[in-house]
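Novice: What follows is a single structure, and I will ask about it in a moment.
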Amino acid sequence: MATSHLNVVFMITLFVLATTISAKEYIIGDENGWKLDFDYQTWAKDKVFFVGDTLVFNYAVGSHTVVKVNGTGFQQCNALASNGIMISGHDVVHLQTPGRKWYICGVGKHCELRNMKLVITVLPQTLAPAPSPIATSASGKLAVPTIYEFVVALFGSLLLLLV
């Protein structure tokens, strides 16, 4: 009975580990934070965002806001079509669904004139089986599984052994 309970705890621990290994925290603007006259599109262009990742907007309280808007609100710098205004100075956004996400500063003309806007695309996080380590990519190079794929494959193998 105790062994069975330990097996369940072990499997749950592996599952939690597998889902947290892949999650990343992105500090918007890195050490610059959420501020005026920063190119957030250039900052984001080489990053890949997945469901489960977290965005952190750091700024001085009272100087800015973070407003989640739709595509039109983003283009027009219009905070009226928002899904909420954040004002803490350390705003944390958990990326829970795939798709385009738009954020602007709702203070004065910070979005329109001072470039305080960010758009990203969030990709789904899948629990697909890990590819064979000897598989090759389209370029002919060896396809090496990621740590996440390795842990998911290990979890699946252990589950089969315990059943």
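Ligands are numbered from 1 in the order shown, residues from 1 within each chain, and chains are lettered A, B, ... in the order they appear in the structure tokens.
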I'd like the neighbourhood of Ile120 (chain A) as JSON, numbers by chain, where a residue qualifies if any of its atoms comes within 7 Å (using only C-alpha atoms), though same-chain residues fewer than 2 positions away should be ignored.
Specialist: {"A": [100, 101, 102, 118, 122]}
Novice: Just write the chosen residues, N, CA, C and O atoms, as a short mmCIF file (atom, residue, chain, number, x, y, z; two decimals), in the first residue's frame.
Specialist:
```
data_model
loop_
_atom_site.label_atom_id
_atom_site.label_comp_id
_atom_site.auth_asym_id
_atom_site.auth_seq_id
_atom_site.Cartn_x
_atom_site.Cartn_y
_atom_site.Cartn_z
N ARG A 100 -2.52 35.66 -30.42
CA ARG A 100 -1.90 36.98 -30.32
C ARG A 100 -2.33 37.64 -29.02
O ARG A 100 -3.48 37.55 -28.60
N LYS A 101 -1.38 38.35 -28.38
CA LYS A 101 -1.63 39.08 -27.14
C LYS A 101 -1.06 40.48 -27.32
O LYS A 101 0.07 40.65 -27.77
N TRP A 102 -1.86 41.48 -26.96
CA TRP A 102 -1.47 42.88 -27.14
C TRP A 102 -1.50 43.60 -25.80
O TRP A 102 -2.46 43.47 -25.04
N LEU A 118 3.39 46.35 -26.81
CA LEU A 118 3.99 45.05 -27.06
C LEU A 118 2.94 44.12 -27.64
O LEU A 118 1.83 44.03 -27.11
N VAL A 122 1.52 33.70 -28.72
CA VAL A 122 1.71 32.62 -27.76
C VAL A 122 1.36 31.31 -28.44
O VAL A 122 0.28 31.16 -29.01
#
```
Novice: Per DSSP on the backbone, filter region 15-126 of chain A down to the residues in strand (DSSP E) and report them as an NGL selection string.
Specialist: :A and (25-27 or 49-50 or 54-58 or 66-69 or 82-86 or 90-94 or 99-104 or 117-123)
Novice: Asn32 (chain A): which residues within 12 Å, counting only C-alpha atoms, same-chain residues fewer than 4 positions away excluded, as an MDAnalysis selection string?
Specialist: chainID A and resid 27:28 36:40 43 57:60
Novice: Mind writing the picked residues with C-alpha atoms as a PDB file, in the first residue's frame?
Specialist:
```pdb
ATOM      1  CA  ILE A  27      10.902  40.278 -17.821  1.00  0.00           C
ATOM      2  CA  ILE A  28       9.501  42.690 -20.404  1.00  0.00           C
ATOM      3  CA  LEU A  36       9.174  55.108 -22.556  1.00  0.00           C
ATOM      4  CA  ASP A  37      10.983  55.003 -25.907  1.00  0.00           C
ATOM      5  CA  PHE A  38      11.986  51.329 -25.862  1.00  0.00           C
ATOM      6  CA  ASP A  39      11.489  49.057 -28.906  1.00  0.00           C
ATOM      7  CA  TYR A  40       9.479  46.181 -27.435  1.00  0.00           C
ATOM      8  CA  TRP A  43      12.964  42.882 -27.826  1.00  0.00           C
ATOM      9  CA  PHE A  57       6.112  44.173 -16.465  1.00  0.00           C
ATOM     10  CA  ASN A  58       8.341  46.211 -14.117  1.00  0.00           C
ATOM     11  CA  TYR A  59       7.937  49.994 -13.788  1.00  0.00           C
ATOM     12  CA  ALA A  60       7.641  52.741 -11.188  1.00  0.00           C
TER      13      ALA A  60
END
```
Novice: Work out how far CA of Ile87 (chain A) is from CA of Glu25 (chain A), in Å to one decimal.
Specialist: 19.3 Å
Novice: Quick one: of A:Ser22, A:Val67, A:Asn78, A:Gly52, who's nearest to Lys109 (chain A), counting only C-alpha atoms?
Specialist: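 Comparing A:Ser22, A:Val67, A:Asn78, A:Gly52 against Lys109 (chain A), the winner is A:Asn78.
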Novice: Kindly give the distance, in Å, that separates CA of Phe49 (chain A) and CA of Ser88 (chain A), rounded to a single decimal.
Specialist: 23.0 Å
Novice: Do a neighbour search on Val48 (chain A) at 12 Å with only C-alpha atoms, toss out local chain neighbours closer than 2 positions, and write the hits as an mmCIF file with N, CA, C and O atoms, in the first residue's frame.
Specialist:
```
data_model
loop_
_atom_site.group_PDB
_atom_site.id
_atom_site.type_symbol
_atom_site.label_atom_id
_atom_site.label_comp_id
_atom_site.auth_asym_id
_atom_site.auth_seq_id
_atom_site.Cartn_x
_atom_site.Cartn_y
_atom_site.Cartn_z
ATOM 1 N N SER A 22 9.433 23.569 -18.839
ATOM 2 C CA SER A 22 9.305 24.317 -20.075
ATOM 3 C C SER A 22 8.823 25.749 -19.857
ATOM 4 O O SER A 22 8.998 26.584 -20.734
ATOM 5 N N ALA A 23 8.192 26.049 -18.743
ATOM 6 C CA ALA A 23 7.664 27.393 -18.515
ATOM 7 C C ALA A 23 8.809 28.377 -18.283
ATOM 8 O O ALA A 23 9.754 28.094 -17.570
ATOM 9 N N LYS A 24 8.684 29.534 -18.915
ATOM 10 C CA LYS A 24 9.704 30.572 -18.767
ATOM 11 C C LYS A 24 9.063 31.845 -18.240
ATOM 12 O O LYS A 24 7.902 32.113 -18.482
ATOM 13 N N GLU A 25 9.876 32.619 -17.552
ATOM 14 C CA GLU A 25 9.449 33.933 -17.100
ATOM 15 C C GLU A 25 10.207 34.966 -17.933
ATOM 16 O O GLU A 25 11.423 34.920 -18.016
ATOM 17 N N TYR A 26 9.464 35.861 -18.555
ATOM 18 C CA TYR A 26 10.064 36.920 -19.367
ATOM 19 C C TYR A 26 9.863 38.252 -18.673
ATOM 20 O O TYR A 26 8.731 38.666 -18.418
ATOM 21 N N TRP A 43 12.687 43.693 -29.004
ATOM 22 C CA TRP A 43 12.964 42.882 -27.826
ATOM 23 C C TRP A 43 12.290 41.508 -27.952
ATOM 24 O O TRP A 43 12.884 40.472 -27.626
ATOM 25 N N ALA A 44 11.052 41.463 -28.455
ATOM 26 C CA ALA A 44 10.274 40.222 -28.494
ATOM 27 C C ALA A 44 10.556 39.351 -29.713
ATOM 28 O O ALA A 44 10.254 38.159 -29.691
ATOM 29 N N LYS A 45 11.156 39.914 -30.769
ATOM 30 C CA LYS A 45 11.205 39.190 -32.044
ATOM 31 C C LYS A 45 11.988 37.880 -32.002
ATOM 32 O O LYS A 45 11.672 36.973 -32.750
ATOM 33 N N ASP A 46 12.972 37.728 -31.158
ATOM 34 C CA ASP A 46 13.734 36.481 -31.119
ATOM 35 C C ASP A 46 13.303 35.557 -29.975
ATOM 36 O O ASP A 46 13.967 34.572 -29.685
ATOM 37 N N PHE A 50 5.171 30.485 -25.017
ATOM 38 C CA PHE A 50 4.288 29.326 -24.973
ATOM 39 C C PHE A 50 3.263 29.493 -23.863
ATOM 40 O O PHE A 50 3.501 30.205 -22.882
ATOM 41 N N VAL A 51 2.132 28.792 -24.014
ATOM 42 C CA VAL A 51 1.163 28.705 -22.927
ATOM 43 C C VAL A 51 1.920 28.168 -21.712
ATOM 44 O O VAL A 51 2.703 27.226 -21.824
ATOM 45 N N GLY A 52 1.714 28.788 -20.572
ATOM 46 C CA GLY A 52 2.415 28.414 -19.351
ATOM 47 C C GLY A 52 3.536 29.380 -18.993
ATOM 48 O O GLY A 52 3.959 29.433 -17.841
ATOM 49 N N ASP A 53 4.010 30.147 -19.971
ATOM 50 C CA ASP A 53 5.031 31.151 -19.690
ATOM 51 C C ASP A 53 4.409 32.324 -18.940
ATOM 52 O O ASP A 53 3.184 32.478 -18.894
ATOM 53 N N THR A 54 5.271 33.164 -18.373
ATOM 54 C CA THR A 54 4.830 34.322 -17.601
ATOM 55 C C THR A 54 5.533 35.574 -18.106
ATOM 56 O O THR A 54 6.727 35.546 -18.391
ATOM 57 N N PRO A 98 -3.252 30.104 -26.284
ATOM 58 C CA PRO A 98 -2.441 30.470 -27.452
ATOM 59 C C PRO A 98 -3.081 31.616 -28.226
ATOM 60 O O PRO A 98 -4.269 31.911 -28.057
ATOM 61 N N ILE A 120 2.712 39.985 -28.901
ATOM 62 C CA ILE A 120 3.403 38.702 -28.986
ATOM 63 C C ILE A 120 2.431 37.650 -29.496
ATOM 64 O O ILE A 120 1.214 37.841 -29.467
ATOM 65 N N THR A 121 2.971 36.545 -29.953
ATOM 66 C CA THR A 121 2.173 35.385 -30.320
ATOM 67 C C THR A 121 2.540 34.265 -29.358
ATOM 68 O O THR A 121 3.715 33.943 -29.190
ATOM 69 N N VAL A 122 1.520 33.701 -28.721
ATOM 70 C CA VAL A 122 1.709 32.623 -27.758
ATOM 71 C C VAL A 122 1.363 31.307 -28.440
ATOM 72 O O VAL A 122 0.281 31.158 -29.006
ATOM 73 N N LEU A 123 2.301 30.377 -28.397
ATOM 74 C CA LEU A 123 2.111 29.070 -29.011
ATOM 75 C C LEU A 123 1.574 28.075 -27.992
ATOM 76 O O LEU A 123 1.856 28.202 -26.796
ATOM 77 N N PRO A 124 0.819 27.065 -28.448
ATOM 78 C CA PRO A 124 0.300 26.071 -27.503
ATOM 79 C C PRO A 124 1.423 25.200 -26.966
ATOM 80 O O PRO A 124 2.417 24.964 -27.650
ATOM 81 N N GLN A 125 1.251 24.738 -25.758
ATOM 82 C CA GLN A 125 2.209 23.816 -25.147
ATOM 83 C C GLN A 125 1.593 22.433 -25.262
ATOM 84 O O GLN A 125 0.533 22.192 -24.731
#
```
Novice: Compile the contact shell of Leu80 (chain A) as a list in words: residues with an atom at most 12 Å away, counting only C-alpha atoms, same-chain residues fewer than 2 positions apart removed.
Specialist: Val67, Lys68, Val69, Asn70, Thr72, Gly73, Phe74, Gln76, Cys77, Asn78, Ser82, Asn83, Gly84, Ile85, Ile104, Cys105, Gly106 and Val107 of chain A
Novice: What is the CA of Gly71 (chain A) to CA of Leu95 (chain A) distance in Å?
Specialist: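 Interatomic distance here is 16.8 Å.
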